[in-house]
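Have a look at start_18.pdb below; it lists PDB, C-alpha atoms.
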```pdb
ATOM      1  CA  MET A   1       9.386  -9.471  28.851
ATOM      2  CA  PHE A   2       5.798  -8.251  28.658
ATOM      3  CA  ASN A   3       3.203  -9.416  31.127
ATOM      4  CA  LYS A   4       0.492  -9.754  28.487
ATOM      5  CA  LEU A   5       0.600  -9.446  24.697
ATOM      6  CA  VAL A   6      -2.667  -9.235  22.759
ATOM      7  CA  ALA A   7      -3.152  -9.437  19.001
ATOM      8  CA  ILE A   8      -6.509  -7.670  18.670
ATOM      9  CA  GLU A   9      -7.163  -9.141  15.216
ATOM     10  CA  PRO A  10      -5.569 -11.598  12.737
ATOM     11  CA  VAL A  11      -2.029 -10.336  12.106
ATOM     12  CA  SER A  12      -0.904 -12.795   9.384
ATOM     13  CA  LEU A  13       2.065 -14.252  11.253
ATOM     14  CA  ILE A  14       3.196 -17.682  10.136
ATOM     15  CA  PRO A  15       2.694 -20.464  12.763
ATOM     16  CA  SER A  16       6.337 -20.561  13.855
ATOM     17  CA  ALA A  17       6.271 -16.807  14.464
ATOM     18  CA  GLU A  18       3.061 -17.046  16.491
ATOM     19  CA  LYS A  19       4.764 -19.668  18.644
ATOM     20  CA  LYS A  20       7.795 -17.407  19.013
ATOM     21  CA  LEU A  21       5.586 -14.700  20.581
ATOM     22  CA  GLN A  22       5.603 -16.796  23.760
ATOM     23  CA  ASP A  23       9.243 -15.740  24.226
ATOM     24  CA  PHE A  24       8.199 -12.097  24.580
ATOM     25  CA  ALA A  25       5.314 -12.273  27.045
ATOM     26  CA  LYS A  26       4.111 -14.293  30.024
ATOM     27  CA  GLU A  27       0.651 -14.452  28.447
ATOM     28  CA  VAL A  28      -0.252 -14.236  24.745
ATOM     29  CA  VAL A  29      -3.796 -13.783  23.440
ATOM     30  CA  MET A  30      -4.541 -13.991  19.713
ATOM     31  CA  TYR A  31      -7.951 -12.961  18.339
ATOM     32  CA  ASP A  32      -9.082 -14.466  15.047
ATOM     33  CA  ASP A  33     -11.631 -11.832  14.020
ATOM     34  CA  ILE A  34     -11.746  -8.052  13.569
ATOM     35  CA  PRO A  35     -13.047  -5.882  16.436
ATOM     36  CA  ALA A  36     -16.147  -3.807  15.699
ATOM     37  CA  GLY A  37     -14.919  -0.476  17.078
ATOM     38  CA  ASP A  38     -13.162   1.448  19.847
ATOM     39  CA  GLU A  39     -15.108  -0.212  22.656
ATOM     40  CA  GLU A  40     -14.235  -3.700  21.499
ATOM     41  CA  VAL A  41     -10.638  -2.735  20.781
ATOM     42  CA  ALA A  42     -10.283  -1.422  24.336
ATOM     43  CA  ALA A  43     -11.960  -4.524  25.766
ATOM     44  CA  ARG A  44      -9.597  -6.827  23.871
ATOM     45  CA  ILE A  45      -6.519  -4.895  24.967
ATOM     46  CA  GLY A  46      -7.713  -4.747  28.582
ATOM     47  CA  ASP A  47      -4.745  -4.897  30.974
ATOM     48  CA  ALA A  48      -2.215  -5.866  28.303
ATOM     49  CA  ASP A  49       1.083  -3.979  28.099
ATOM     50  CA  ALA A  50       1.810  -5.044  24.480
ATOM     51  CA  VAL A  51      -0.534  -4.986  21.490
ATOM     52  CA  LEU A  52      -0.312  -6.239  17.917
ATOM     53  CA  LEU A  53      -2.636  -5.284  15.059
ATOM     54  CA  SER A  54      -2.779  -5.465  11.278
ATOM     55  CA  TYR A  55      -4.089  -2.914   8.764
ATOM     56  CA  THR A  56      -7.784  -3.818   9.125
ATOM     57  CA  SER A  57      -8.397  -2.166  12.516
ATOM     58  CA  ARG A  58      -7.560   1.133  14.181
ATOM     59  CA  ILE A  59      -6.330   1.954  17.668
ATOM     60  CA  GLU A  60      -7.559   5.439  18.444
ATOM     61  CA  ARG A  61      -7.040   7.658  21.463
ATOM     62  CA  ALA A  62     -10.492   6.720  22.788
ATOM     63  CA  ALA A  63      -9.423   3.079  23.081
ATOM     64  CA  LEU A  64      -5.948   3.766  24.455
ATOM     65  CA  GLU A  65      -7.281   6.033  27.187
ATOM     66  CA  LYS A  66      -9.045   2.989  28.645
ATOM     67  CA  CYS A  67      -5.873   0.864  28.567
ATOM     68  CA  PRO A  68      -3.300   2.438  30.918
ATOM     69  CA  ASN A  69      -0.884  -0.508  30.890
ATOM     70  CA  VAL A  70       0.007  -0.358  27.190
ATOM     71  CA  ARG A  71       3.661   0.437  26.557
ATOM     72  CA  TYR A  72       4.221  -1.168  23.151
ATOM     73  CA  ILE A  73       2.127  -1.363  19.950
ATOM     74  CA  GLY A  74       3.422  -3.457  17.081
ATOM     75  CA  MET A  75       1.812  -2.708  13.730
ATOM     76  CA  CYS A  76       2.011  -5.880  11.623
ATOM     77  CA  CYS A  77       1.608  -3.724   8.525
ATOM     78  CA  SER A  78       3.252  -0.757   6.851
ATOM     79  CA  LEU A  79       4.113   2.338   8.874
ATOM     80  CA  TYR A  80       5.203   5.352   6.830
ATOM     81  CA  SER A  81       3.929   8.368   8.755
ATOM     82  CA  PRO A  82       1.595   9.308  11.643
ATOM     83  CA  GLU A  83      -0.905  10.628   9.091
ATOM     84  CA  SER A  84      -1.195   7.328   7.249
ATOM     85  CA  ALA A  85      -1.000   5.053  10.298
ATOM     86  CA  ASN A  86      -3.982   3.190  11.757
ATOM     87  CA  VAL A  87      -2.714   3.954  15.266
ATOM     88  CA  ASP A  88      -2.976   7.362  16.952
ATOM     89  CA  ILE A  89       0.793   7.700  17.086
ATOM     90  CA  ARG A  90       0.774  11.264  18.381
ATOM     91  CA  TYR A  91      -1.266  10.296  21.429
ATOM     92  CA  ALA A  92       0.881   7.189  21.882
ATOM     93  CA  ASN A  93       3.969   9.413  21.925
ATOM     94  CA  GLU A  94       2.370  11.596  24.592
ATOM     95  CA  ARG A  95       1.888   8.480  26.697
ATOM     96  CA  GLY A  96       5.401   7.179  26.049
ATOM     97  CA  ILE A  97       4.029   4.194  24.144
ATOM     98  CA  VAL A  98       6.446   2.795  21.573
ATOM     99  CA  VAL A  99       4.817   2.147  18.188
ATOM    100  CA  THR A 100       6.652   0.095  15.586
ATOM    101  CA  GLY A 101       5.679  -0.905  12.063
ATOM    102  CA  ILE A 102       7.187  -2.711   9.144
ATOM    103  CA  ARG A 103       7.910  -1.864   5.527
ATOM    104  CA  ASP A 104       8.792  -3.527   2.254
ATOM    105  CA  TYR A 105       7.329  -6.961   2.892
ATOM    106  CA  GLY A 106       4.731  -7.252   0.088
ATOM    107  CA  ASP A 107       6.198  -5.202  -2.751
ATOM    108  CA  GLU A 108       7.254  -8.122  -4.925
ATOM    109  CA  GLY A 109       3.681  -9.334  -5.411
ATOM    110  CA  VAL A 110       2.545  -5.816  -6.337
ATOM    111  CA  VAL A 111       5.245  -5.556  -9.009
ATOM    112  CA  GLU A 112       4.157  -8.874 -10.496
ATOM    113  CA  TYR A 113       0.538  -7.656 -10.507
ATOM    114  CA  VAL A 114       1.388  -4.495 -12.453
ATOM    115  CA  ILE A 115       3.462  -6.370 -15.033
ATOM    116  CA  SER A 116       0.849  -9.121 -15.391
ATOM    117  CA  GLU A 117      -2.109  -6.789 -15.899
ATOM    118  CA  LEU A 118      -0.195  -4.479 -18.213
ATOM    119  CA  VAL A 119       0.954  -7.350 -20.428
ATOM    120  CA  ARG A 120      -2.579  -8.742 -20.604
ATOM    121  CA  CYS A 121      -3.938  -5.310 -21.504
ATOM    122  CA  LEU A 122      -1.344  -4.494 -24.157
ATOM    123  CA  HIS A 123      -1.399  -7.918 -25.802
ATOM    124  CA  GLY A 124      -5.136  -8.455 -25.516
ATOM    125  CA  PHE A 125      -5.021 -11.620 -23.434
ATOM    126  CA  GLY A 126      -8.657 -12.295 -22.475
ATOM    127  CA  GLN A 127      -9.682  -8.841 -23.678
ATOM    128  CA  GLU A 128      -9.276  -6.497 -26.625
ATOM    129  CA  ALA A 129      -5.720  -5.299 -27.136
ATOM    130  CA  TRP A 130      -5.294  -1.749 -25.859
ATOM    131  CA  ASP A 131      -4.048  -0.399 -29.197
ATOM    132  CA  GLU A 132      -6.118  -2.818 -31.315
ATOM    133  CA  MET A 133      -2.901  -4.531 -32.404
ATOM    134  CA  PRO A 134      -0.889  -6.362 -29.702
ATOM    135  CA  ARG A 135       2.156  -4.429 -28.516
ATOM    136  CA  GLU A 136       5.040  -4.920 -26.107
ATOM    137  CA  ILE A 137       6.118  -2.890 -23.108
ATOM    138  CA  THR A 138       9.181  -1.994 -25.187
ATOM    139  CA  GLY A 139       9.149   1.755 -25.805
ATOM    140  CA  LEU A 140       6.042   2.325 -23.662
ATOM    141  CA  LYS A 141       6.088   5.720 -21.937
ATOM    142  CA  VAL A 142       5.458   5.046 -18.252
ATOM    143  CA  GLY A 143       5.225   7.585 -15.442
ATOM    144  CA  ILE A 144       5.720   6.568 -11.811
ATOM    145  CA  VAL A 145       4.117   8.864  -9.233
ATOM    146  CA  GLY A 146       5.959   8.228  -5.983
ATOM    147  CA  LEU A 147       9.375   6.583  -6.323
ATOM    148  CA  GLY A 148       9.598   4.873  -2.951
ATOM    149  CA  LYS A 149      10.472   1.203  -2.524
ATOM    150  CA  SER A 150       7.503  -0.234  -4.429
ATOM    151  CA  GLY A 151       7.500   2.541  -7.042
ATOM    152  CA  GLY A 152      11.201   1.991  -7.612
ATOM    153  CA  MET A 153      10.739  -1.753  -7.995
ATOM    154  CA  ILE A 154       7.907  -1.231 -10.498
ATOM    155  CA  ALA A 155      10.096   1.212 -12.431
ATOM    156  CA  ASP A 156      12.972  -1.290 -12.504
ATOM    157  CA  ALA A 157      10.704  -4.100 -13.735
ATOM    158  CA  LEU A 158       9.243  -1.937 -16.496
ATOM    159  CA  LYS A 159      12.718  -0.751 -17.502
ATOM    160  CA  PHE A 160      13.789  -4.400 -17.774
ATOM    161  CA  PHE A 161      11.013  -4.901 -20.339
ATOM    162  CA  GLY A 162      12.132  -1.838 -22.294
ATOM    163  CA  ALA A 163       9.783   0.883 -21.054
ATOM    164  CA  ASP A 164      10.731   4.565 -21.189
ATOM    165  CA  VAL A 165      10.448   5.462 -17.499
ATOM    166  CA  ALA A 166       9.860   8.891 -15.972
ATOM    167  CA  TYR A 167       8.889   9.699 -12.402
ATOM    168  CA  PHE A 168       7.576  12.365 -10.068
ATOM    169  CA  ALA A 169       8.636  12.488  -6.421
ATOM    170  CA  ARG A 170       9.213  15.082  -3.720
ATOM    171  CA  SER A 171      12.764  15.481  -5.008
ATOM    172  CA  GLU A 172      14.994  14.139  -7.747
ATOM    173  CA  LYS A 173      16.787  10.925  -6.841
ATOM    174  CA  GLU A 174      20.395  10.371  -7.869
ATOM    175  CA  GLU A 175      20.027   6.599  -8.113
ATOM    176  CA  ALA A 176      17.067   7.018 -10.449
ATOM    177  CA  ARG A 177      19.046   9.437 -12.607
ATOM    178  CA  ARG A 178      21.839   6.881 -12.928
ATOM    179  CA  LYS A 179      19.293   4.319 -14.110
ATOM    180  CA  GLY A 180      18.121   6.709 -16.803
ATOM    181  CA  TYR A 181      14.753   7.595 -15.253
ATOM    182  CA  ARG A 182      13.635  11.134 -16.065
ATOM    183  CA  PHE A 183      12.458  13.374 -13.224
ATOM    184  CA  LEU A 184       9.500  15.472 -14.368
ATOM    185  CA  PRO A 185       6.985  17.861 -12.797
ATOM    186  CA  LEU A 186       3.719  16.049 -12.165
ATOM    187  CA  GLY A 187       1.794  17.817 -14.927
ATOM    188  CA  GLU A 188       4.415  17.018 -17.577
ATOM    189  CA  LEU A 189       4.649  13.427 -16.393
ATOM    190  CA  LEU A 190       0.902  12.924 -16.694
ATOM    191  CA  ALA A 191       0.698  14.531 -20.137
ATOM    192  CA  GLN A 192       3.646  12.590 -21.594
ATOM    193  CA  SER A 193       2.925   9.141 -20.149
ATOM    194  CA  GLU A 194       0.822   6.440 -21.776
ATOM    195  CA  VAL A 195       0.684   4.540 -18.490
ATOM    196  CA  VAL A 196       0.797   6.121 -15.027
ATOM    197  CA  CYS A 197       1.442   4.139 -11.836
ATOM    198  CA  CYS A 198       0.534   5.841  -8.550
ATOM    199  CA  CYS A 199       2.634   4.345  -5.747
ATOM    200  CA  LEU A 200       1.784   6.657  -2.860
ATOM    201  CA  ASN A 201       1.402   6.385   0.901
ATOM    202  CA  LYS A 202      -2.073   5.866   2.300
ATOM    203  CA  ASN A 203      -4.266   8.991   2.299
ATOM    204  CA  THR A 204      -1.965  10.841  -0.106
ATOM    205  CA  VAL A 205      -3.990  12.482  -2.889
ATOM    206  CA  LEU A 206      -2.141  14.120  -5.793
ATOM    207  CA  LEU A 207      -4.581  13.811  -8.700
ATOM    208  CA  HIS A 208      -7.171  16.595  -8.686
ATOM    209  CA  GLU A 209      -9.224  18.092 -11.505
ATOM    210  CA  ALA A 210      -6.251  19.920 -13.050
ATOM    211  CA  GLU A 211      -4.126  16.767 -13.000
ATOM    212  CA  PHE A 212      -6.780  14.679 -14.754
ATOM    213  CA  LYS A 213      -7.012  17.336 -17.463
ATOM    214  CA  GLN A 214      -3.243  17.064 -17.893
ATOM    215  CA  LEU A 215      -3.447  13.271 -17.938
ATOM    216  CA  GLY A 216      -5.911  13.425 -20.816
ATOM    217  CA  ASN A 217      -7.474  10.610 -22.794
ATOM    218  CA  LYS A 218      -6.414   7.151 -23.972
ATOM    219  CA  LYS A 219      -4.409   6.470 -20.826
ATOM    220  CA  ILE A 220      -3.923   3.589 -18.390
ATOM    221  CA  LEU A 221      -3.788   4.397 -14.676
ATOM    222  CA  PHE A 222      -2.585   2.004 -11.978
ATOM    223  CA  ASN A 223      -3.027   2.680  -8.271
ATOM    224  CA  THR A 224      -0.956   0.386  -6.049
ATOM    225  CA  GLY A 225      -1.534   2.320  -2.824
ATOM    226  CA  LEU A 226      -3.934   1.450  -0.015
ATOM    227  CA  SER A 227      -6.255   4.379  -0.742
ATOM    228  CA  PRO A 228      -7.262   6.417  -3.805
ATOM    229  CA  ALA A 229      -4.594   8.761  -5.167
ATOM    230  CA  TRP A 230      -7.297  11.057  -6.586
ATOM    231  CA  ASP A 231     -10.341  13.184  -5.915
ATOM    232  CA  GLU A 232     -13.350  11.104  -6.840
ATOM    233  CA  THR A 233     -15.356  13.569  -8.980
ATOM    234  CA  PRO A 234     -12.666  14.319 -11.608
ATOM    235  CA  PHE A 235     -11.603  10.662 -11.528
ATOM    236  CA  VAL A 236     -15.109   9.482 -12.411
ATOM    237  CA  LYS A 237     -15.284  12.057 -15.209
ATOM    238  CA  TRP A 238     -11.911  10.856 -16.549
ATOM    239  CA  LEU A 239     -13.167   7.261 -16.533
ATOM    240  CA  GLU A 240     -15.868   8.224 -19.033
ATOM    241  CA  GLY A 241     -13.173   8.731 -21.663
ATOM    242  CA  ASP A 242     -11.220   6.036 -23.479
ATOM    243  CA  ASN A 243      -9.252   5.199 -20.352
ATOM    244  CA  LEU A 244      -8.612   2.297 -17.970
ATOM    245  CA  CYS A 245      -7.899   2.166 -14.250
ATOM    246  CA  PHE A 246      -6.311  -0.834 -12.512
ATOM    247  CA  CYS A 247      -6.461  -1.367  -8.716
ATOM    248  CA  ASP A 248      -5.897  -4.570  -6.805
ATOM    249  CA  THR A 249      -8.262  -3.759  -3.907
ATOM    250  CA  ALA A 250     -11.534  -1.901  -3.458
ATOM    251  CA  GLY A 251      -9.753   0.230  -0.856
ATOM    252  CA  ALA A 252      -7.383   1.505  -3.533
ATOM    253  CA  LEU A 253     -10.344   2.281  -5.782
ATOM    254  CA  GLY A 254     -12.330   4.082  -3.093
ATOM    255  CA  ASN A 255     -15.975   3.975  -4.137
ATOM    256  CA  VAL A 256     -17.148   0.354  -4.321
ATOM    257  CA  GLN A 257     -19.912   1.393  -6.730
ATOM    258  CA  LEU A 258     -17.150   1.863  -9.315
ATOM    259  CA  LEU A 259     -16.270  -1.837  -9.207
ATOM    260  CA  SER A 260     -18.779  -2.475 -11.995
ATOM    261  CA  HIS A 261     -17.601   0.442 -14.137
ATOM    262  CA  PRO A 262     -16.565  -0.846 -17.592
ATOM    263  CA  HIS A 263     -13.273   1.080 -17.440
ATOM    264  CA  VAL A 264     -12.239  -0.219 -14.018
ATOM    265  CA  ARG A 265     -10.252  -3.408 -13.490
ATOM    266  CA  CYS A 266     -10.182  -4.297  -9.804
ATOM    267  CA  MET A 267      -9.041  -7.727  -8.605
ATOM    268  CA  GLN A 268     -10.407  -7.161  -5.080
ATOM    269  CA  VAL A 269      -7.363  -9.038  -3.801
ATOM    270  CA  SER A 270      -4.348  -7.576  -2.018
ATOM    271  CA  THR A 271      -1.641  -8.656  -4.443
ATOM    272  CA  GLY A 272       1.123  -8.071  -1.910
ATOM    273  CA  ARG A 273      -0.232 -10.752   0.429
ATOM    274  CA  THR A 274       1.737 -13.781  -0.728
ATOM    275  CA  ARG A 275       3.347 -16.718   1.055
ATOM    276  CA  GLN A 276       6.724 -15.019   0.844
ATOM    277  CA  ALA A 277       5.259 -11.731   2.083
ATOM    278  CA  PHE A 278       3.912 -13.432   5.217
ATOM    279  CA  ASP A 279       7.395 -14.864   5.853
ATOM    280  CA  ARG A 280       8.956 -11.398   5.537
ATOM    281  CA  LEU A 281       6.216  -9.814   7.658
ATOM    282  CA  SER A 282       6.723 -12.362  10.432
ATOM    283  CA  GLU A 283      10.476 -11.870  10.472
ATOM    284  CA  LYS A 284      10.134  -8.091  10.746
ATOM    285  CA  VAL A 285       7.464  -8.173  13.458
ATOM    286  CA  LEU A 286       9.632 -10.479  15.587
ATOM    287  CA  ALA A 287      12.691  -8.301  14.909
ATOM    288  CA  ASN A 288      10.810  -5.234  16.186
ATOM    289  CA  LEU A 289       9.805  -7.101  19.344
ATOM    290  CA  SER A 290      13.383  -8.295  19.856
ATOM    291  CA  GLU A 291      14.778  -4.787  19.457
ATOM    292  CA  TYR A 292      12.322  -3.369  21.981
ATOM    293  CA  ASP A 293      12.848  -6.236  24.394
ATOM    294  CA  GLY A 294      16.581  -6.219  23.911
TER     295      GLY A 294
END
```
Turn this file's structure into structure tokens for me.
Amino acid sequence: MFNKLVAIEPVSLIPSAEKKLQDFAKEVVMYDDIPAGDEEVAARIGDADAVLLSYTSRIERAALEKCPNVRYIGMCCSLYSPESANVDIRYANERGIVVTGIRDYGDEGVVEYVISELVRCLHGFGQEAWDEMPREITGLKVGIVGLGKSGGMIADALKFFGADVAYFARSEKEEARRKGYRFLPLGELLAQSEVVCCCLNKNTVLLHEAEFKQLGNKKILFNTGLSPAWDETPFVKWLEGDNLCFCDTAGALGNVQLLSHPHVRCMQVSTGRTRQAFDRLSEKVLANLSEYDG
């Protein structure tokens, strides 16, 4: 059992899970706002030996150096790699601090977002139909960039509606081959696809000037990641063509000045944050605590 557990910001646990935190620490402190920076992060952690945070704040080395008691950090958000994490995991490892994260808790809402926006665009619901005449997803050439959990779920949903699915990933995946998904080099995927969905880890950029030239005109681009999958300058130039870009959050778009661009469709809502997602998140955060405590 921890002596003191501090959630330095809102961590989206359901009420029953917040109550369950009392089983893991003698004292539990939950903050309901976001700290302003390293100084405030360190002040909130104080003498705590366990810390929780979401995706809206960072715990850097500068803060951790002032908090010698910390031995556990629970990220109540996705953890894929040290590079994409909002915790200085390398420094934490040096200190022997255990850092845990969760995965695959909000993917279902993201899949529904992609299907919903694509159907509205193709059929012309509340807007002009993409090809002037309403069309179905049936036969649509779709390229998935990054076939992880969410990318795979988006591919499966599009395949269900009859799309012709291809993908680019670090390596060819046998399960995807069995489903009939074609593995293509990135350039070929971009050139051949009518719709491209980028489903990449945070801070992963694969679309540069050359890739936007290969993507070409009259294309639809979705970004479901937490950060832009592109370099901004060639992206802005590509937007000037007969193209559309869909992002759910401003973070995925990058430059907030692009929110008013006529070829950008940004909901400014994290579509993975649903009632069911909060249930899954809570279960996984408590499971991580139980495994560490156990």
Can you tell me which residues surround range 36-38 of chain A at a distance of at most 10 Å, considering all atoms listed in the file, apart from same-chain residues fewer than 6 positions away, and format the answer as a PyMOL selection string? chain A and resi 44+57-64+66
Calculated over only C-alpha atoms, which of the candidates A:Gly101, A:Gly152, A:Gly96, A:Gly124 has the smallest distance to Gly74 in chain A? A:Gly101
Tell me which protein, DNA and RNA residues are within 8 Å of range 243-260 of chain A, counting all atoms listed in the file, leaving out same-chain ones fewer than 6 positions away, and put them as a list in words.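 Near range 243-260 of chain A, the qualifying residues are Asn217, Lys218, Lys219, Ile220, Leu221, Phe222, Asn223, Thr224, Gly225, Leu226, Ser227, Pro228, Ala229, Cys266, Met267, Gln268, Val269, Ser270 and Thr271 of chain A.
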Measuring atom to atom with all atoms listed in the file, identify which of A:Lys4, A:Lys19, A:Lys26, A:Arg120 is nearest to Arg265 in chain A.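 The shortest atom-to-atom distance to Arg265 in chain A comes from A:Arg120.
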How many Å lie between CA of Gln276 in chain A and CA of Val165 in chain A, rounded to one decimal?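 Calculated distance between CA of Gln276 in chain A and CA of Val165 in chain A is 27.7 Å.
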If you measure from CA of Ile154 in chain A to CA of Arg280 in chain A, what distance in Å do you get, rounded to one decimal? 19.0 Å
Select, from A:Tyr31, A:Glu174, A:Tyr105, A:Leu147, the residue with the minimum atom-to-atom distance to Glu18 in chain A, counting all atoms listed in the file.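 When distances to Glu18 in chain A are compared using all atoms listed in the file, the smallest one comes from A:Tyr31.
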Any idea what the distance is between CA of Ala176 in chain A and CA of Val111 in chain A?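 Result for CA of Ala176 in chain A versus CA of Val111 in chain A: 17.3 Å, one decimal.
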Could you tell me which residues the PyMOL selection byres ((chain A and resi 163) around 6) returns for this structure, as a ChimeraX atom specification? /A:137-140,158-159,161-162,164-165
Any chance you can output those residues with C-alpha atoms as a compact mmCIF listing (two decimals), keeping the file's coordinate frame?
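The new file part_1.txt reads:
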```txt
# COMPACT_ATOMS: atom_id res chain seq x y z
CA ILE A 137 6.12 -2.89 -23.11
CA THR A 138 9.18 -1.99 -25.19
CA GLY A 139 9.15 1.76 -25.80
CA LEU A 140 6.04 2.33 -23.66
CA LEU A 158 9.24 -1.94 -16.50
CA LYS A 159 12.72 -0.75 -17.50
CA PHE A 161 11.01 -4.90 -20.34
CA GLY A 162 12.13 -1.84 -22.29
CA ASP A 164 10.73 4.57 -21.19
CA VAL A 165 10.45 5.46 -17.50
```
Residues matched by the PyMOL selection byres ((chain A and resi 204) around 12), written as a PyMOL selection string: chain A and resi 80-81+83-85+145-146+198-203+205-208+223+225-231+252
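Proximity to Arg273 in chain A at 7 Å, evaluated using only C-alpha atoms and with sequence-adjacent residues fewer than 4 positions away removed, yields A:Gly106, A:Ala277, A:Phe278.
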Output check: residues returned by the PyMOL selection byres ((chain A and resi 7) around 7), as a list in words: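 With the shown file as input, the PyMOL selection byres ((chain A and resi 7) around 7) matches Leu5, Val6, Ile8, Glu9, Val29, Met30, Tyr31, Val51, Leu52 and Leu53 of chain A.
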Dump as a PDB file, in the frame of the given file, selection limited to C-alpha atoms:
```
ATOM      1  CA  LEU A   5       0.600  -9.446  24.697  1.00  0.00           C
ATOM      2  CA  VAL A   6      -2.667  -9.235  22.759  1.00  0.00           C
ATOM      3  CA  ILE A   8      -6.509  -7.670  18.670  1.00  0.00           C
ATOM      4  CA  GLU A   9      -7.163  -9.141  15.216  1.00  0.00           C
ATOM      5  CA  VAL A  29      -3.796 -13.783  23.440  1.00  0.00           C
ATOM      6  CA  MET A  30      -4.541 -13.991  19.713  1.00  0.00           C
ATOM      7  CA  TYR A  31      -7.951 -12.961  18.339  1.00  0.00           C
ATOM      8  CA  VAL A  51      -0.534  -4.986  21.490  1.00  0.00           C
ATOM      9  CA  LEU A  52      -0.312  -6.239  17.917  1.00  0.00           C
ATOM     10  CA  LEU A  53      -2.636  -5.284  15.059  1.00  0.00           C
TER      11      LEU A  53
END
```
Who sits within 8 Å of range 282-285 of chain A, all atoms listed in the file, same chain under 3 positions skipped, as number ranges by chain: A: 12-14, 17, 74-76, 101-102, 278-279, 288-289
Please provide as a compact mmCIF listing (two decimals) with C-alpha atoms, in the frame of the given file all residues within 9 Å of Pro134 in chain A, with the sequence filter that same-chain residues fewer than 6 positions apart are discarded (counting only C-alpha atoms).
```txt
# COMPACT_ATOMS: atom_id res chain seq x y z
CA CYS A 121 -3.94 -5.31 -21.50
CA LEU A 122 -1.34 -4.49 -24.16
CA HIS A 123 -1.40 -7.92 -25.80
CA GLY A 124 -5.14 -8.46 -25.52
CA GLU A 128 -9.28 -6.50 -26.62
```
Per residue of range 70-171 of chain A within 7 Å of range 185-192 of chain A, which atom pair is closest and at what distance in Å (one decimal), using all atoms listed in the file, listed by chain and increasing number, as a tab-separated table?
```
residue	atom	partner	partner_atom	distance
A:Gly143	CA	A:Leu189	CA	5.9
A:Ala166	CA	A:Leu189	CA	6.9
A:Tyr167	CA	A:Leu189	CA	6.9
A:Phe168	CA	A:Leu186	CA	5.7
```
As JSON: centre and edge lengths in Å, one decimal, of the axis-aligned box holding range 45-48 of chain A with 3 Å per side:
```
{"center_x": -5.0, "center_y": -5.3, "center_z": 28.0, "size_x": 11.5, "size_y": 7.1, "size_z": 12.0}
```
Using all atoms listed in the file, pick whichever of A:Leu215, A:Val11, A:Cys67, A:Ala129 has the shortest atom-to-atom distance to Glu40 in chain A.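 Among the listed residues, A:Cys67 lies closest to Glu40 in chain A.
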